[in-house]
Amino acid sequence: MKIKSANFVISNSNVRLCPNELIPEYAFIGRSNVGKSSLINMLMQKKSLAKTSGRPGKTQLINHFKINDNWFLVDLPGYGYARVSKKEKKTFQKYITDYFKEREQLVCAFVLVDIRHEPQNVDLEFMEWMGENQIPFVLLFTKADKLKPQVITKQAEKYITALLSGIWEEAPQYFITSSSNNTGREDVLEFIDNINEQYFKATKK
Ligand code: GTP
Ligand code: MG
């Protein structure tokens, strides 16, 4: 898919105030600092579209970006960041759960995990919650540039094996990405393009 335009639309702390256009939407979620905002910029090849930071807790709202004038990407605050106050954590958690429960336009979420890490409870629990609420998601491994090629596949396979030994009967689809060297860009965009095509066919737009 060719990206012809990618523009920031609006930031919200309430899912009910998000844009009401019925076009397909994809949300980026995962622990703080995992690279959600960076990945959005990498996919769109626009450096400062989504705000990034070396310090966790940068994205604090539900941010909508309109792509090619006919679909949305959504940057969300991270979960599981220990240094924000308990009250703040609860507030973020509420935006996020309300967003996923109520957002009709959401066709697929991208759950991001750092390829270097072993499966963490906070991520496994989040994926479980997505499953229970029947919210479709795929897994995106981030920061693949930090590992040697032969270790990357092993880490991903290990992660999938861990999921299968847990509650999952079927492993989620996954992509390996790096915002530093554009790994995974074509594959993720093609994945989105295919879903968009089905969506527009079904809604005869
Ligand atoms: P919050 O908004 O705080 O939840 O974080 P986020 O998940 O949006 O992470 P962000 O994109 O702001 O990136 C966090 C840090 O990781 C930044 O210092 C990025 O430069 C770095 N980073 C993100 N993606 C990659 C990657 O693919 N490779 C490398 N080496 N660093 C990355
Ligand atoms: Mg962010």
# chains A, B, ... in the order shown; residues from 1 in each chain; ligands from 1
call {"tool": "closest_atom_pairs", "arguments": {"of": "chain A", "to": "ligand 1", "cutoff": "10 Å", "atoms": "only C-alpha atoms and all ligand atoms", "output": "JSON lines"}}
result
{"residue": "A:Phe28", "atom": "CA", "partner": "ligand 1", "partner_atom_place_in_ligand_line": "7 (O)", "distance": 8.4}
{"residue": "A:Ile29", "atom": "CA", "partner": "ligand 1", "partner_atom_place_in_ligand_line": "7 (O)", "distance": 7.6}
{"residue": "A:Gly30", "atom": "CA", "partner": "ligand 1", "partner_atom_place_in_ligand_line": "7 (O)", "distance": 6.5}
{"residue": "A:Arg31", "atom": "CA", "partner": "ligand 1", "partner_atom_place_in_ligand_line": "4 (O)", "distance": 6.1}
{"residue": "A:Ser32", "atom": "CA", "partner": "ligand 1", "partner_atom_place_in_ligand_line": "4 (O)", "distance": 3.3}
{"residue": "A:Asn33", "atom": "CA", "partner": "ligand 1", "partner_atom_place_in_ligand_line": "5 (O)", "distance": 3.5}
{"residue": "A:Val34", "atom": "CA", "partner": "ligand 1", "partner_atom_place_in_ligand_line": "7 (O)", "distance": 4.1}
{"residue": "A:Gly35", "atom": "CA", "partner": "ligand 1", "partner_atom_place_in_ligand_line": "9 (O)", "distance": 3.4}
{"residue": "A:Lys36", "atom": "CA", "partner": "ligand 1", "partner_atom_place_in_ligand_line": "7 (O)", "distance": 3.8}
{"residue": "A:Ser37", "atom": "CA", "partner": "ligand 1", "partner_atom_place_in_ligand_line": "11 (O)", "distance": 3.8}
{"residue": "A:Ser38", "atom": "CA", "partner": "ligand 1", "partner_atom_place_in_ligand_line": "11 (O)", "distance": 3.6}
{"residue": "A:Leu39", "atom": "CA", "partner": "ligand 1", "partner_atom_place_in_ligand_line": "24 (N)", "distance": 6.2}
{"residue": "A:Ile40", "atom": "CA", "partner": "ligand 1", "partner_atom_place_in_ligand_line": "11 (O)", "distance": 8.0}
{"residue": "A:Asn41", "atom": "CA", "partner": "ligand 1", "partner_atom_place_in_ligand_line": "11 (O)", "distance": 8.4}
{"residue": "A:Met42", "atom": "CA", "partner": "ligand 1", "partner_atom_place_in_ligand_line": "27 (O)", "distance": 8.7}
{"residue": "A:Ala50", "atom": "CA", "partner": "ligand 1", "partner_atom_place_in_ligand_line": "11 (O)", "distance": 8.0}
{"residue": "A:Lys51", "atom": "CA", "partner": "ligand 1", "partner_atom_place_in_ligand_line": "12 (O)", "distance": 6.6}
{"residue": "A:Thr52", "atom": "CA", "partner": "ligand 1", "partner_atom_place_in_ligand_line": "12 (O)", "distance": 3.3}
{"residue": "A:Ser53", "atom": "CA", "partner": "ligand 1", "partner_atom_place_in_ligand_line": "12 (O)", "distance": 4.2}
{"residue": "A:Gly54", "atom": "CA", "partner": "ligand 1", "partner_atom_place_in_ligand_line": "18 (O)", "distance": 3.3}
{"residue": "A:Arg55", "atom": "CA", "partner": "ligand 1", "partner_atom_place_in_ligand_line": "3 (O)", "distance": 6.5}
{"residue": "A:Pro56", "atom": "CA", "partner": "ligand 1", "partner_atom_place_in_ligand_line": "3 (O)", "distance": 3.8}
{"residue": "A:Gly57", "atom": "CA", "partner": "ligand 1", "partner_atom_place_in_ligand_line": "3 (O)", "distance": 3.4}
{"residue": "A:Lys58", "atom": "CA", "partner": "ligand 1", "partner_atom_place_in_ligand_line": "3 (O)", "distance": 3.8}
{"residue": "A:Thr59", "atom": "CA", "partner": "ligand 1", "partner_atom_place_in_ligand_line": "2 (O)", "distance": 3.6}
{"residue": "A:Gln60", "atom": "CA", "partner": "ligand 1", "partner_atom_place_in_ligand_line": "2 (O)", "distance": 6.9}
{"residue": "A:Leu61", "atom": "CA", "partner": "ligand 1", "partner_atom_place_in_ligand_line": "2 (O)", "distance": 9.1}
{"residue": "A:Asp75", "atom": "CA", "partner": "ligand 1", "partner_atom_place_in_ligand_line": "8 (O)", "distance": 7.5}
{"residue": "A:Leu76", "atom": "CA", "partner": "ligand 1", "partner_atom_place_in_ligand_line": "4 (O)", "distance": 7.1}
{"residue": "A:Pro77", "atom": "CA", "partner": "ligand 1", "partner_atom_place_in_ligand_line": "4 (O)", "distance": 4.8}
{"residue": "A:Gly78", "atom": "CA", "partner": "ligand 1", "partner_atom_place_in_ligand_line": "4 (O)", "distance": 3.6}
{"residue": "A:Tyr79", "atom": "CA", "partner": "ligand 1", "partner_atom_place_in_ligand_line": "4 (O)", "distance": 7.0}
{"residue": "A:Gly80", "atom": "CA", "partner": "ligand 1", "partner_atom_place_in_ligand_line": "4 (O)", "distance": 9.1}
{"residue": "A:Tyr81", "atom": "CA", "partner": "ligand 1", "partner_atom_place_in_ligand_line": "4 (O)", "distance": 8.1}
{"residue": "A:Leu112", "atom": "CA", "partner": "ligand 1", "partner_atom_place_in_ligand_line": "7 (O)", "distance": 8.0}
{"residue": "A:Val113", "atom": "CA", "partner": "ligand 1", "partner_atom_place_in_ligand_line": "7 (O)", "distance": 9.3}
{"residue": "A:Asp114", "atom": "CA", "partner": "ligand 1", "partner_atom_place_in_ligand_line": "27 (O)", "distance": 8.8}
{"residue": "A:Ile115", "atom": "CA", "partner": "ligand 1", "partner_atom_place_in_ligand_line": "27 (O)", "distance": 9.7}
{"residue": "A:Phe141", "atom": "CA", "partner": "ligand 1", "partner_atom_place_in_ligand_line": "27 (O)", "distance": 9.0}
{"residue": "A:Thr142", "atom": "CA", "partner": "ligand 1", "partner_atom_place_in_ligand_line": "27 (O)", "distance": 5.4}
{"residue": "A:Lys143", "atom": "CA", "partner": "ligand 1", "partner_atom_place_in_ligand_line": "27 (O)", "distance": 3.5}
{"residue": "A:Ala144", "atom": "CA", "partner": "ligand 1", "partner_atom_place_in_ligand_line": "27 (O)", "distance": 6.2}
{"residue": "A:Asp145", "atom": "CA", "partner": "ligand 1", "partner_atom_place_in_ligand_line": "28 (N)", "distance": 5.7}
{"residue": "A:Lys146", "atom": "CA", "partner": "ligand 1", "partner_atom_place_in_ligand_line": "30 (N)", "distance": 5.8}
{"residue": "A:Leu147", "atom": "CA", "partner": "ligand 1", "partner_atom_place_in_ligand_line": "30 (N)", "distance": 9.5}
{"residue": "A:Ile176", "atom": "CA", "partner": "ligand 1", "partner_atom_place_in_ligand_line": "27 (O)", "distance": 9.8}
{"residue": "A:Thr177", "atom": "CA", "partner": "ligand 1", "partner_atom_place_in_ligand_line": "27 (O)", "distance": 6.6}
{"residue": "A:Ser178", "atom": "CA", "partner": "ligand 1", "partner_atom_place_in_ligand_line": "27 (O)", "distance": 3.5}
{"residue": "A:Ser179", "atom": "CA", "partner": "ligand 1", "partner_atom_place_in_ligand_line": "27 (O)", "distance": 3.6}
{"residue": "A:Ser180", "atom": "CA", "partner": "ligand 1", "partner_atom_place_in_ligand_line": "27 (O)", "distance": 4.7}
{"residue": "A:Asn181", "atom": "CA", "partner": "ligand 1", "partner_atom_place_in_ligand_line": "27 (O)", "distance": 7.2}
{"residue": "A:Asn182", "atom": "CA", "partner": "ligand 1", "partner_atom_place_in_ligand_line": "27 (O)", "distance": 7.9}
{"residue": "A:Thr183", "atom": "CA", "partner": "ligand 1", "partner_atom_place_in_ligand_line": "27 (O)", "distance": 8.3}
call {"tool": "select_by_dssp", "arguments": {"residues": "stretch 44-115 of chain A", "states": "helix (DSSP H, G or I)", "output": "PyMOL selection string"}}
result
chain A and resi 44+86-102
call {"tool": "closest_residue", "arguments": {"among": "A:Phe72, A:Arg16, A:Ala27, A:Phe175", "to": "ligand 2", "atoms": "only C-alpha atoms and all ligand atoms"}}
result
A:Ala27
call {"tool": "closest_atom_pairs", "arguments": {"of": "stretch 128-182 of chain A", "to": "stretch 91-97 of chain A", "cutoff": "12 Å", "atoms": "only C-alpha atoms", "output": "Markdown table"}}
result
| residue | atom | partner | partner_atom | distance |
| --- | --- | --- | --- | --- |
| A:Trp129 | CA | A:Thr97 | CA | 9.4 |
| A:Met130 | CA | A:Thr97 | CA | 9.4 |
| A:Asn133 | CA | A:Thr97 | CA | 10.1 |
| A:Ile135 | CA | A:Thr97 | CA | 11.0 |
call {"tool": "atom_distance", "arguments": {"atom1": "atom CA of A:Glu157", "atom2": "atom CA of A:Glu170"}}
result
13.4 Å
call {"tool": "closest_residue", "arguments": {"among": "A:Asp193, A:Tyr199, A:Asn70, A:Leu49", "to": "ligand 2", "atoms": "only C-alpha atoms and all ligand atoms"}}
result
A:Leu49
call {"tool": "closest_residue", "arguments": {"among": "A:Asn63, A:Lys2, A:Val9, A:Phe110", "to": "ligand 2", "atoms": "only C-alpha atoms and all ligand atoms"}}
result
A:Asn63
call {"tool": "residues_around", "arguments": {"residues": "stretch 118-122 of chain A", "least_positions_apart": "2", "cutoff": "8 Å", "atoms": "only C-alpha atoms", "output": "PyMOL selection string"}}
result
chain A and resi 80+116+124-126+159+162
call {"tool": "write_last_selection", "arguments": {"atoms": "all heavy atoms", "output": "PDB file, in the first residue's frame"}}
result
ATOM      1  N   GLY A  80       1.088  -0.517  32.105  1.00  0.00           N
ATOM      2  CA  GLY A  80       2.135  -1.158  32.895  1.00  0.00           C
ATOM      3  C   GLY A  80       3.355  -0.311  33.165  1.00  0.00           C
ATOM      4  O   GLY A  80       4.434  -0.834  33.381  1.00  0.00           O
ATOM      5  N   ARG A 116      13.083  -8.466  22.636  1.00  0.00           N
ATOM      6  CA  ARG A 116      14.191  -8.897  23.495  1.00  0.00           C
ATOM      7  C   ARG A 116      13.710  -9.555  24.783  1.00  0.00           C
ATOM      8  O   ARG A 116      14.462 -10.244  25.448  1.00  0.00           O
ATOM      9  CB  ARG A 116      15.072  -7.697  23.867  1.00  0.00           C
ATOM     10  CG  ARG A 116      15.763  -7.088  22.685  1.00  0.00           C
ATOM     11  CD  ARG A 116      16.396  -5.782  23.060  1.00  0.00           C
ATOM     12  NE  ARG A 116      15.406  -4.784  23.438  1.00  0.00           N
ATOM     13  CZ  ARG A 116      15.695  -3.576  23.910  1.00  0.00           C
ATOM     14  NH1 ARG A 116      16.944  -3.219  24.078  1.00  0.00           N
ATOM     15  NH2 ARG A 116      14.733  -2.718  24.208  1.00  0.00           N
ATOM     16  N   LEU A 124       0.610 -10.677  28.780  1.00  0.00           N
ATOM     17  CA  LEU A 124      -0.199 -11.897  28.645  1.00  0.00           C
ATOM     18  C   LEU A 124      -1.617 -11.652  29.154  1.00  0.00           C
ATOM     19  O   LEU A 124      -2.596 -12.060  28.526  1.00  0.00           O
ATOM     20  CB  LEU A 124       0.447 -13.049  29.420  1.00  0.00           C
ATOM     21  CG  LEU A 124       1.852 -13.448  28.951  1.00  0.00           C
ATOM     22  CD1 LEU A 124       2.423 -14.551  29.824  1.00  0.00           C
ATOM     23  CD2 LEU A 124       1.852 -13.879  27.486  1.00  0.00           C
ATOM     24  N   GLU A 125      -1.699 -10.926  30.273  1.00  0.00           N
ATOM     25  CA  GLU A 125      -3.030 -10.630  30.834  1.00  0.00           C
ATOM     26  C   GLU A 125      -3.821  -9.722  29.902  1.00  0.00           C
ATOM     27  O   GLU A 125      -5.022  -9.891  29.727  1.00  0.00           O
ATOM     28  CB  GLU A 125      -2.893  -9.976  32.213  1.00  0.00           C
ATOM     29  CG  GLU A 125      -2.633 -11.006  33.297  1.00  0.00           C
ATOM     30  CD  GLU A 125      -2.066 -10.403  34.572  1.00  0.00           C
ATOM     31  OE1 GLU A 125      -2.164  -9.162  34.756  1.00  0.00           O
ATOM     32  OE2 GLU A 125      -1.529 -11.184  35.391  1.00  0.00           O
ATOM     33  N   PHE A 126      -3.127  -8.764  29.299  1.00  0.00           N
ATOM     34  CA  PHE A 126      -3.827  -7.878  28.374  1.00  0.00           C
ATOM     35  C   PHE A 126      -4.357  -8.662  27.172  1.00  0.00           C
ATOM     36  O   PHE A 126      -5.511  -8.501  26.774  1.00  0.00           O
ATOM     37  CB  PHE A 126      -2.924  -6.726  27.910  1.00  0.00           C
ATOM     38  CG  PHE A 126      -3.661  -5.764  27.032  1.00  0.00           C
ATOM     39  CD1 PHE A 126      -4.553  -4.847  27.578  1.00  0.00           C
ATOM     40  CD2 PHE A 126      -3.526  -5.821  25.653  1.00  0.00           C
ATOM     41  CE1 PHE A 126      -5.285  -3.991  26.766  1.00  0.00           C
ATOM     42  CE2 PHE A 126      -4.248  -4.969  24.833  1.00  0.00           C
ATOM     43  CZ  PHE A 126      -5.126  -4.048  25.387  1.00  0.00           C
ATOM     44  N   TYR A 159       8.257 -16.948  22.178  1.00  0.00           N
ATOM     45  CA  TYR A 159       7.112 -16.189  22.685  1.00  0.00           C
ATOM     46  C   TYR A 159       5.804 -16.890  22.307  1.00  0.00           C
ATOM     47  O   TYR A 159       4.904 -17.062  23.129  1.00  0.00           O
ATOM     48  CB  TYR A 159       7.133 -14.768  22.109  1.00  0.00           C
ATOM     49  CG  TYR A 159       6.372 -13.771  22.950  1.00  0.00           C
ATOM     50  CD1 TYR A 159       7.038 -12.922  23.805  1.00  0.00           C
ATOM     51  CD2 TYR A 159       4.978 -13.702  22.902  1.00  0.00           C
ATOM     52  CE1 TYR A 159       6.348 -12.013  24.599  1.00  0.00           C
ATOM     53  CE2 TYR A 159       4.272 -12.797  23.683  1.00  0.00           C
ATOM     54  CZ  TYR A 159       4.968 -11.951  24.526  1.00  0.00           C
ATOM     55  OH  TYR A 159       4.269 -11.069  25.307  1.00  0.00           O
ATOM     56  N   ALA A 162       5.196 -19.923  24.312  1.00  0.00           N
ATOM     57  CA  ALA A 162       4.698 -19.569  25.648  1.00  0.00           C
ATOM     58  C   ALA A 162       3.198 -19.286  25.612  1.00  0.00           C
ATOM     59  O   ALA A 162       2.450 -19.704  26.490  1.00  0.00           O
ATOM     60  CB  ALA A 162       5.457 -18.369  26.194  1.00  0.00           C
TER      61      ALA A 162
END
call {"tool": "closest_residue", "arguments": {"among": "A:Val107, A:Leu140, A:Val74, A:Leu164", "to": "A:Cys18", "atoms": "only C-alpha atoms"}}
result
A:Val74
call {"tool": "closest_residue", "arguments": {"among": "A:Ala6, A:Leu163, A:Ile192, A:Leu17", "to": "A:Glu102", "atoms": "only C-alpha atoms"}}
result
A:Leu17
call {"tool": "closest_residue", "arguments": {"among": "A:Glu88, A:Glu104, A:Glu197, A:Asp69", "to": "A:Val15", "atoms": "only C-alpha atoms"}}
result
A:Glu104
call {"tool": "select_by_dssp", "arguments": {"residues": "stretch 103-199 of chain A", "states": "strand (DSSP E)", "output": "list of chain:residue names"}}
result
A:Leu106, A:Val107, A:Cys108, A:Ala109, A:Phe110, A:Val111, A:Leu112, A:Val113, A:Asp114, A:Phe137, A:Val138, A:Leu139, A:Leu140, A:Phe141, A:Thr142, A:Tyr174, A:Phe175, A:Ile176
call {"tool": "write_last_selection", "arguments": {"atoms": "C-alpha atoms", "output": "tab-separated table (two decimals), in the first residue's frame"}}
result
chain	number	residue	atom	x	y	z
A	106	LEU	CA	-11.76	-0.86	15.40
A	107	VAL	CA	-11.09	-3.72	13.01
A	108	CYS	CA	-7.82	-4.92	14.48
A	109	ALA	CA	-5.46	-3.99	17.29
A	110	PHE	CA	-1.69	-4.31	17.21
A	111	VAL	CA	-0.34	-5.52	20.52
A	112	LEU	CA	3.33	-4.60	20.70
A	113	VAL	CA	5.96	-6.48	22.67
A	114	ASP	CA	9.71	-5.93	22.78
A	137	PHE	CA	-5.46	-8.43	17.50
A	138	VAL	CA	-2.14	-9.38	16.00
A	139	LEU	CA	1.19	-9.34	17.75
A	140	LEU	CA	3.95	-6.98	16.66
A	141	PHE	CA	7.43	-7.65	17.96
A	142	THR	CA	9.37	-4.38	18.18
A	174	TYR	CA	2.63	-11.89	14.30
A	175	PHE	CA	5.06	-9.57	12.55
A	176	ILE	CA	8.63	-8.71	13.41
call {"tool": "atom_distance", "arguments": {"atom1": "atom CA of A:Ile23", "atom2": "atom CA of A:Thr203"}}
result
9.7 Å
